[in-house]
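**Student:** I'd like to ask some things about the structure below.
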Amino acid sequence: MDGGSKSVNKSLRRQLSGWIAIVTIVSGIAAGACSFFLAFREAQELQDDQLQQVALLVGRSGKAVEPWGGVSRTNSDKDPEARIIILPLGGAALTGRNAQRAVLPAIPANLPEGFQTINAQGGTWRLFVRAIASGEKIAVGQLTTVRNEIARDSGLRTLIPVLLLVPFLIILIVWVVRRSLAPVSELSQLLDQRGDTNLARLPESGVPEEIGPFVTSINGLMRRLAEALEQQRRFIADAAHELRSPLTALTLQAENLEQDVSPQEKSVRLQQLKQGLTRTCSLLDQLLSLARQQSSIVPSVELRLDLIVRQVLEDLMPMAAAKGIDLGCERLDEIILNAPVDGLAVLVRNAVDNALRYTPAGGTVDMELYSEDKRIVFQVTDTGPGIPVDEEERVFEPFYRIMGTDETGSGLGLPIVRSIADRLGGTVTLSNRKHGHGAIFRFVC
């Protein structure tokens with residue numbers, strides 16, 4: 001693994017932490033802005049309530065209203081602008097001692113009752129106008145700049161805790177994400193520490209629910225890989241056994257040629273040696289063909305499968321004639337598909353060759369090629385001895401041959417066919433005929 005999984009995990013942590021942090025920051029800003037706005041509005045409403053309460057208290061006194069400006073009885077010199085004014089409507093501007101050195105506006109007499117905002121004496125004022133028992137109207141007001149400053153300070157006091165909370169949440173998020181993804185890092189380290197031949201299952205206990213299917217898939221992959229490696233080991237052992245027997249026989253035949261025998265006997269032994277070499281070369285060709293079909297990537301081209309079947313029929317006709325077998329094609333539809341040319345030719349040839357080998361003299365081998373439910377079907381039916389029911393799958397294993405037959409072969413023809421079918425995304429089956437003796441080979445793609 002070379003630490004590659006660790007980089008993936010770090011990247012995943014950074015992505016999760018980054019995105020959650022961004023969401024947190026955006027949410028914090030939105031929440032802070034909303035909090036600031038609500039606090040600002042609430043402070044403004046509170047100050048309006050104060051103006052309204054002052055006007056109500058002045059009206060209940062029943063006394064004549066004198067213009068006044070101040071902040072209760074506190075020393076207004078500390079903040080001369082932070083004061084509330086009380087003026088009768090239509091009066092002159094209030095200045096001098098009564099105004100505590102503040103210039104107060106003249107209030108127009110035609111202002112309606114309720115809250116009003118006016119511009120006067122170079123400033124904006126927020127007023128509450130109310131009629132009192134004496135029949136006159138009074139205005140209780142305050143500078144809007146003072147009101148806004150108070151409301152802004154109140155809003156900031158609610159905003160600051162939210163802004164201070166955001167960095168803490170980001171740190172907490174990073175810690176939580178790191179802890180949550182710790183099992184992934186542990187599994188990665190466990191895989192990195194394993195050797196190339198260690199294909200044991202990963203532990204599924206204690207794994208988060210979201211990672212469980214991923215670990216299960218890895219374990220499934222490990223199992224399939226172990227089966228593939230075991231199959232390869234069996235294949236190598238079987239190949240070595242299959243090659244050792246003919247090579248041993250060839251060695252003995254070569255040694256026999258060194259003996260002082262008659263020319264006629266030497267010719268017989270030489271012919272046996274040639275036949276052995278031919279069988280060995282055929283076995284090697286089959287091995288190379290199987291390896292090529294399992295590992296190589298051949299580009300697909302558009303071709304006519306019916307023409308390939310026709311060519312194979314012509315090529316194998318002499319073999320069928322030599323055994324007295326009726327080789328024919330009951331149905332041959334025009335089929336066009338995209339596939340490797342060599343792979344399909346080998347598939348068709350091996351399927352028909354296998355049927356011819358196990359069909360006795362005087363038998364019949366029929367081929368069919370047609371389209372069914374938008375799928376291509378190639379079928380070979382023979383009148384041979386058939387196959388045992390419990391060996392219908394084993395015949396596709398390398399070097400496996402049905403016992404009790406006199407036919408010799410490498411046992412690689414059908415495995416090559418299945419390998420080609422798997423690469424084409426199709427399926428192959430070999431089963432007995434329902435009526436009569438013989439077997440049916442069927443390729444569906």
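Residues in the structure tokens are numbered from 1 in each chain, the chains being A, B, ... in the order shown, and ligands are numbered from 1 in the order shown.
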Find the residues near Leu424 in chain A: any atom within 9 Å, counting only C-alpha atoms, skip ones fewer than 6 places away on the same chain, and give them as a ChimeraX atom specification.
**Tutor:** /A:339-340,343,445
**Student:** Considering only C-alpha atoms, return as number ranges by chain whatever protein or nucleic-acid residues lie within 12 Å of Asp153 in chain A, sequence-local ones (same chain, fewer than 3 positions apart) excluded.
**Tutor:** A: 36-37, 39-44, 146-150, 156-160
**Student:** Any idea what the distance is between CA of Val177 in chain A and CA of Glu209 in chain A?
**Tutor:**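 Result for CA of Val177 in chain A versus CA of Glu209 in chain A: 15.2 Å, one decimal.
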**Student:** Contacts of Ile325 in chain A at 6 Å or less, counting only C-alpha atoms, minus same-chain residues fewer than 3 places along, as a list of chain:residue names?
**Tutor:**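 Counting only C-alpha atoms, the residues come to A:Ala320, A:Ala321, A:Ala361, A:Gly362, A:Gly363, A:Thr364.
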**Student:** CA of Pro360 in chain A to CA of His435 in chain A: how many Å, to one decimal?
**Tutor:** 17.7 Å
